[in-house]
Each structure stands twice: as structure tokens, then as C-alpha cells.
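Take a look at the structure below.
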Amino acid sequence: MNNTHHNFYIDREKSWLTFNARVLQEAADETVPLLDRLRFLGIFSNNLDEFFRVRYAAIRRMKNDKKINSEKVLGGISATELLKEITDIVIEQQSESLRILSEIEQKLQKENIFIVNEKEVSKEQKNFLHEYFIQKVSPAVVTIMLNDLNEFPLLKDTAGYLAVRLEMKPKKTSLIDSFIPKKEVRYAVVEIPNTVNRFVVLPSNNEKQYVILLDDVIRLNLDYIFNIFEYENISAHMIKITRDAQLEFDSDLSKSFIEKISDSVKERRIGEPVRFVYDQAIEKDFLSFLLDRMKIDSSDSIIPGGRYHNRRDYMSFPNLGRYDLLYKPNTPLPIPGLEIEGSMLQKIREKDYLLNAPYQSFSYVIKFLREAALDPKVMSIKITLYRLANNSQIISSLVNAAKNGKKVTVQIELQARFDEASNIYYAEQMQTEGIELIFGVKGLKVHSKICVIDRIEEGKVKRYGFISTGNFNESTAKVYTDLTLFTANSRLLKDVSKVFDFFEVNYKVHRYKHLFVSPHYTRAKFNKLIEREILNAISGKEAYIKLKMNSLSDFKMIDKLYDASRAGVKIQLIVRGICCIAPQVEGMSDNIEAISIVDNYLEHARLYIFANDGNPEVFISSADFMTRNLDSRVEVTCPIYDDDIKQELIEIFEIGWKANVKARIQSDDLKNRYRKKGEEKPFRSQQETYKYYQNKLEVITEKI
């Protein structure tokens, strides 16, 4: 494709679906342990749910809004065409995922693990399941008879349903009718409860292990639910609905922000349906009845599926004690020179430290907050929170600090998508404990990951803090790769304090000497850095750009990178997800190479390196190159001033760039080709990163 004269972009939605296809590749990959392959199927399904609730829904709204010229917004394709193309891609991916699931199940059987349905259980297992249903499942089951309802019930988009069809025994109504039996058909839906584990491990008297899905436990016990009806045939097929997840806020001034978010999260339950997935074996009359009563039309994505949906639950498939069928976990390593035992603040006072989780232990973040909570000299703690773990240790450390009389200020993002309810719960808990809460900035999501504490030392205020690329969340820190800088650098932390001042007084725009802060400065700062590389390339100086991020979709930033490529700047991109740049196009992006790494951990860190004529500048950031991160969120990009850490981050990028096992080439044909090994040995960057940190530790230990 030769686009020498004008720039060319890859469609954002298709690029996202291509990323999810890489997740599906992991599920299909025979070198991935079997139970992890199931986990990747769950991630694929979960991602797809979120895609429909957010992106598909947004395009559908665009299609229905007569004021919007969708072709202009979507770069030359109409919303109607794009919705159709998305549905076609998804139907193909769904059938591929079913094929992979069936292959994994066959391989599990060779390992003596059997996923059985209600027709395959033994007599003992049937008795066990009947008892299990009565005790555990039945109290949580909601069943709705549909025929006589004036209004169709609201189906939740977080739940799966069994659509049950009852063919009643014929009734003879009179002597004349006695020879013409009338067959009445009744329809019902049974909600599959999500308070009960989806996978039930069955008792077994031999070395074989059996698992049955909750859906099939309900199918086995349909008669228990419907025995008041006289039916001669009963069938159950799974259906699932996905709704538009856009939050709508009311303008009632008497409501607190927490109340408004809380109400709009409840409203989301009744968002417009955007996708309907059904078991292909369902009876035609029942399918028509459902589509008609739920007012689902051809602008919604109607997807024929298999017997089971909500496959995101496979993310928590029981391990059955079979650790040989899972990736061997790497024990998180300590940070060389920074002991968890002694005082972290004393160490950080002397020099900066970098944490690269999950290769290194996230416990350092908790320890930092716990120490600050107890230290009599610490006066205040300020932190931003976006997504939190269940039973968050971060929250308990902050509550502990407040109980010890520290002034604790928390900027909590109540609009962290799909985590709103959990964040509301924590916000209310913190308010009760006297923690001062700031709820973001009107019209801007706060996505930055920062913390600063004030400590009195020799009569003066000394600041300590950390700046990160990821959420302060112990659960995701086990599987998301993220970088956190611990520092006492007064220049950086003065800027961090100014960000908190901005949260409190939004109309005052601060000047930052060191950090790049969105929405005011990030775009301009990155433009300047790219411009400098362009000028250096033109002058024959060393010029390159190495960027690692989750998504690259901002057209203006892409244009800037195309300009740099044309000027001869070598550009290496590691972009995990959406990548709208088209690399290696003659005359436009000859000098741009882009890869995506999808492996056991989710690549989440943002790392930006600019050659600067042989004196590289290195940054970590909470921001991707997406329009929302640059222009409509509060994001923080932090320069790395410590030479050792700068070197470490350059080396970490190089390890990622050498990847040839789990790296796919980002290209405009969206083919997800694996990077060729050529003569080189297989190089799996996540394993090599862990080895890199092991070696670092050994070197330090030897020195001691």
C-alpha cells in the first residue's frame, strides 16, 4: 500500500479486535499450559464483552445520531458499515474460540480432567448434584415465566440466562376438541446466579477429575424448578445480552457526586442492548419471541454461539491441584539495595529506586504507605486511586494513617469504568474514617498514578513519593507489568504536589518544571521531543524514538511520528493493543517498526525513550498516545533523572524489542504474524526480563 502523499491510519476498532485475536492465539498456542489456555479464552471473552459495552455501543450511538457525520469521525467508513464489519469479525472469532475450547477439552481428557454435561454424569454424581442444587444453587436462582408478562423483564448484562421452553401436555377442552389436541408452549428464563461458582468439581472414586458447569447443574434440575407445570417436553438454551455501558449523569444539584455516580451505575443496568448471543440450537419460535419482545433489531449485533456463553468465567477455572498444567509462577524478586525490613524512607532519601512489578514485589508500595502511616514525623499523605483490589491493603494503610492523625487526601476516580461500584464503596469507607476525598475534576478523568508525603525533618518539610504507570492494586500487580519510581527528588515532588493543588482548585493551571501533565502540557511536550529528533536526524546526529505503550490511536501524534520517519528518525514501537499507525509503508513510515507482545503477564507499562543525540531522555507515564490521555484526562509523565535507573529502563526496552516468541508484528493488514526467529535463539521477553532482575540481584549480592 503506497500512501506517499497523505497519511494513512488503521481503523481503531478493527485494530482492537486484532489485539483480542492475539489473546485468542495464546489460547490456541500448544506451548501454553492447558489451564492457562483456558484462562486466555476467558480473557478473550471478557475483553469482547467490554468492547461491545463501550466501543460498539459508541459507534451504534453515532449511527443513530443524525447530527454526526460518522464517515468524517471514523476516517472514511460509515458507522453502519463499520458495525457490520465488526459483527462479521466477531462471529468468525467466536467460532474460532469454540473450536479452541473443544480442542482444549479433548487435551484435558488425556490429562484425566473431564468437563461433563448433565447427560454424562454418573448416578452418584447425579445424586450429589441434586443435593448441591437444593442447598447451594436453588436459593440463588431467579426464574421468570414470560408468556403472561405485559413487559419483558430486564435482563442483566453481567449474567447468563437459560431460555427454557416448555411444551405442555395437550388438554382436551370438549368432546369436539378431544381429537384435536392443543399444544401450549410456555417460555421462561432462568438467571444463572453469579454468587455461586460457575464450575462445580464433582466427587470421583478414581484418578479422573470431573467438572460440570453451573448451567448444566440447573439443566439437570429443571424438573425441580418447573414441576408445578404439566409438560411433556422441556429444553433450555443459553442466551446473553450486552448493554451500552455509557454513564448518563443527572444535573440534580442537591445530589452528591457519589450519589450521582451511584445512580448512573444503576441506570447502566437498563442501557440499550447492543449485542445478543444465543445458542444456535434454540428453537426458531423461541428465538423470534425473544428478539421481538426485547426489541432487538439488525443494528444490534446478533451472534449465534454455542451451548455456553459468559466464557469470561474461564479466567477462574479451578486448578484442581494440577500445577503442572499452569505456568510456573516466578516469585517476585526484591529490589536490589532496598530492603522491605528497614526504613524505606531512609533509603529513598539517598537515591531513587525503580519497582518493575510483577518481576519485583509490589509489597514495596504497601510498605511505603504503612511506614508513612506510623512515622511520627510524617504529617500528610496524598495519593490518587483508580482501580483498587478487593480487600485493598492500600485502603487499610491509608485508614491506618488517618487513625494516627495524619492528614490523608485521596483523589479517587469514581468513574473508573466497571469499577465504579467498588470505588464508591471504598470512598464511603474512607469518608467515615475522616480521609479527605477529592472526586476528580469536572469533565476530566484522573488517570495519573501518584503519591506524595510530607515529612518534617530538621524543622523543614521533606517530600517523599512515588510515580507509577499502573494502578495501586495488589491483585492486578501480580499479572500487569508496571513501573513505579520511588523518589525523594524535591524537583519532581514539587510538581507532584502542584498536581494535587490542581485537583483542589481546578481553574488554576500550574506550570510544571519537570513532569508532563495532561490535559495541559503532555501533547506539546511530546511534540517538542519528536521535533528535536527530527532536527537531529536532518543534521546527521544520532536520532531515534523508542516507545512502549498499551494503545496508539491519536492521529496527530501518529502524523508527528510519520514526519519523524520521513526525516530519517528510527522508530521502534512496542504497542500491546490498539495500534492505528501503519508501519513500513513506503514514503510514509519506512523507518517505523511496531510489535505487540502478548504473553502470561499483561504488558501495561508506558516507557518513552528519545535519543537526544546520544544523551537519551527516558520517561515513564500513565498516559498512552490516545486522544483521551493527552487531552481529556489528568495524566502524569515523569522524566527519569537517576542514571542507573535510566540505563535499566533502556535495557528493559531492548529485552522487549528482542522478543521473538510472543511478539507479533503490528501491520496494516492486521494479520498478527509472529516475528520470525531467523538465526536467533528463541527469546521470550517476559522470561528474559525476570532473568535480568535475577542477575542484577546476584551482582549486588556478590558485591556485598
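Following the order of the C-alpha cells, chains are lettered A, B, ..., residues in each are numbered from 1, and ligands are numbered from 1.
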
Just list the residues in stretch 426-466 of chain A DSSP gives alpha helix (DSSP H) on the backbone, as a short mmCIF file (atom, residue, chain, number, x, y, z; two decimals) with N, CA, C and O atoms, in the first residue's frame.
data_model
loop_
_atom_site.label_atom_id
_atom_site.label_comp_id
_atom_site.auth_asym_id
_atom_site.auth_seq_id
_atom_site.Cartn_x
_atom_site.Cartn_y
_atom_site.Cartn_z
N TYR A 426 -15.41 2.01 48.62
CA TYR A 426 -14.20 2.44 49.33
C TYR A 426 -14.26 3.92 49.70
O TYR A 426 -13.79 4.32 50.77
N ALA A 427 -14.83 4.73 48.81
CA ALA A 427 -14.92 6.17 49.08
C ALA A 427 -15.73 6.41 50.36
O ALA A 427 -15.34 7.20 51.23
N GLU A 428 -16.85 5.69 50.47
CA GLU A 428 -17.70 5.87 51.66
C GLU A 428 -16.97 5.41 52.92
O GLU A 428 -17.04 6.04 53.97
N GLN A 429 -16.23 4.30 52.79
CA GLN A 429 -15.46 3.78 53.93
C GLN A 429 -14.41 4.81 54.37
O GLN A 429 -14.25 5.08 55.56
N MET A 430 -13.71 5.41 53.40
CA MET A 430 -12.65 6.38 53.73
C MET A 430 -13.24 7.65 54.34
O MET A 430 -12.68 8.22 55.27
N GLN A 431 -14.38 8.09 53.80
CA GLN A 431 -15.02 9.30 54.35
C GLN A 431 -15.34 9.11 55.83
O GLN A 431 -15.12 10.00 56.64
N THR A 432 -15.84 7.91 56.17
CA THR A 432 -16.17 7.60 57.55
C THR A 432 -14.95 7.73 58.46
O THR A 432 -15.05 8.10 59.61
#

With only C-alpha atoms as the counted atoms, please give the residues lying no more than 7 Å from A:Ala389, apart from itself and same-chain residues fewer than 2 positions off, as a list in words.
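These residues fall inside the cut-off: Arg387, Asn391, Ser392, Asn473, Glu474 and Ser475 of chain A.
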
Closest to A:Val446 among A:Ala663, A:Leu38, A:Leu630, A:Ile620, using only C-alpha atoms?
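So, comparing all the options, the nearest one is A:Leu630.
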
Hey, could you make a per-residue contact list for stretch 328-435 of chain A against stretch 485-503 of chain A with 7 Å as the cut-off, showing the nearest pair of atoms and its distance in Å to one decimal, counting only C-alpha atoms, sorted by chain and number, as a Markdown table?
| residue | atom | partner | partner_atom | distance |
| --- | --- | --- | --- | --- |
| A:Ile348 | CA | A:Thr487 | CA | 5.9 |
| A:Arg349 | CA | A:Ala488 | CA | 5.4 |
| A:Asp352 | CA | A:Thr487 | CA | 4.7 |
| A:Tyr353 | CA | A:Phe486 | CA | 5.2 |
| A:Leu354 | CA | A:Leu485 | CA | 4.7 |
| A:Leu355 | CA | A:Leu485 | CA | 6.4 |

From the list A:Val164, A:Glu654, A:Leu483, A:Arg322, the nearest residue to A:Asp223 using only C-alpha atoms is A:Val164

Which is closest to A:Leu649 among A:Phe526, A:Thr409, A:Asp482, A:Tyr544, if we use only C-alpha atoms?
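Once distances to A:Leu649 are computed over only C-alpha atoms, the minimum belongs to A:Asp482.
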
Quick one: residues within 10 Å of A:Leu535, only C-alpha atoms, excluding same-chain residues fewer than 6 positions away - as a compact mmCIF listing (two decimals) with N, CA and C atoms, in the first residue's frame?
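Result went into selection_35.txt, see below:
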# COMPACT_ATOMS: atom_id res chain seq x y z
N LYS A 541 22.77 13.86 13.21
CA LYS A 541 23.11 13.41 14.58
C LYS A 541 22.33 12.12 14.89
N ALA A 543 19.62 9.89 16.12
CA ALA A 543 18.19 10.20 16.34
C ALA A 543 17.38 8.91 16.31
N ALA A 564 8.56 12.19 11.51
CA ALA A 564 9.89 11.79 12.02
C ALA A 564 10.47 10.67 11.16
N ALA A 567 11.84 11.95 8.05
CA ALA A 567 13.09 12.71 8.26
C ALA A 567 14.26 11.78 8.55
N GLY A 568 13.96 10.46 8.69
CA GLY A 568 15.05 9.51 8.92
C GLY A 568 15.24 9.09 10.37
N VAL A 569 14.28 9.45 11.25
CA VAL A 569 14.37 9.01 12.65
C VAL A 569 13.95 7.54 12.72

Would you return as number ranges by chain the members of stretch 31-254 of chain A that DSSP assigns to strand (DSSP E) on this structure's backbone?
A: 113-116, 142-145, 160-168, 185-192, 199-202, 209-213, 231-243

For atom CA of A:Leu388 and atom CA of A:Cys451, determine how far apart the two atoms are, in Å to one decimal place.
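Pair atom CA of A:Leu388 / atom CA of A:Cys451 returns 14.9 Å.
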
Set the distance at 8 Å and use only C-alpha atoms: which residues neighbour A:Lys407 once local chain neighbours fewer than 3 positions away are removed? I'd like the list as a list of chain:residue names.
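Near A:Lys407, the qualifying residues are A:Met379, A:Ser380, A:Ile381, A:Ala401, A:Ala402, A:Ile435, A:Glu436.
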
For the residues in that selection, give me N, CA, C and O atoms as an mmCIF file, in the first residue's frame.
data_model
loop_
_atom_site.group_PDB
_atom_site.id
_atom_site.type_symbol
_atom_site.label_atom_id
_atom_site.label_comp_id
_atom_site.auth_asym_id
_atom_site.auth_seq_id
_atom_site.Cartn_x
_atom_site.Cartn_y
_atom_site.Cartn_z
ATOM 1 N N MET A 379 3.549 14.140 58.214
ATOM 2 C CA MET A 379 2.391 14.988 58.509
ATOM 3 C C MET A 379 1.204 14.671 57.587
ATOM 4 O O MET A 379 0.056 14.699 58.005
ATOM 5 N N SER A 380 1.524 14.402 56.301
ATOM 6 C CA SER A 380 0.401 14.213 55.372
ATOM 7 C C SER A 380 0.756 13.212 54.277
ATOM 8 O O SER A 380 1.928 13.015 53.943
ATOM 9 N N ILE A 381 -0.304 12.588 53.732
ATOM 10 C CA ILE A 381 -0.165 11.654 52.592
ATOM 11 C C ILE A 381 -1.206 12.070 51.557
ATOM 12 O O ILE A 381 -2.384 12.251 51.886
ATOM 13 N N ALA A 401 -3.218 5.436 58.599
ATOM 14 C CA ALA A 401 -2.548 6.740 58.681
ATOM 15 C C ALA A 401 -3.493 7.789 59.271
ATOM 16 O O ALA A 401 -3.103 8.589 60.134
ATOM 17 N N ALA A 402 -4.757 7.770 58.808
ATOM 18 C CA ALA A 402 -5.734 8.747 59.313
ATOM 19 C C ALA A 402 -5.956 8.551 60.813
ATOM 20 O O ALA A 402 -6.044 9.514 61.578
ATOM 21 N N ILE A 435 -10.876 10.583 56.091
ATOM 22 C CA ILE A 435 -9.932 10.854 54.999
ATOM 23 C C ILE A 435 -10.589 11.875 54.072
ATOM 24 O O ILE A 435 -11.769 11.762 53.747
ATOM 25 N N GLU A 436 -9.806 12.872 53.664
ATOM 26 C CA GLU A 436 -10.364 13.889 52.768
ATOM 27 C C GLU A 436 -10.371 13.337 51.347
ATOM 28 O O GLU A 436 -9.344 12.896 50.833
#
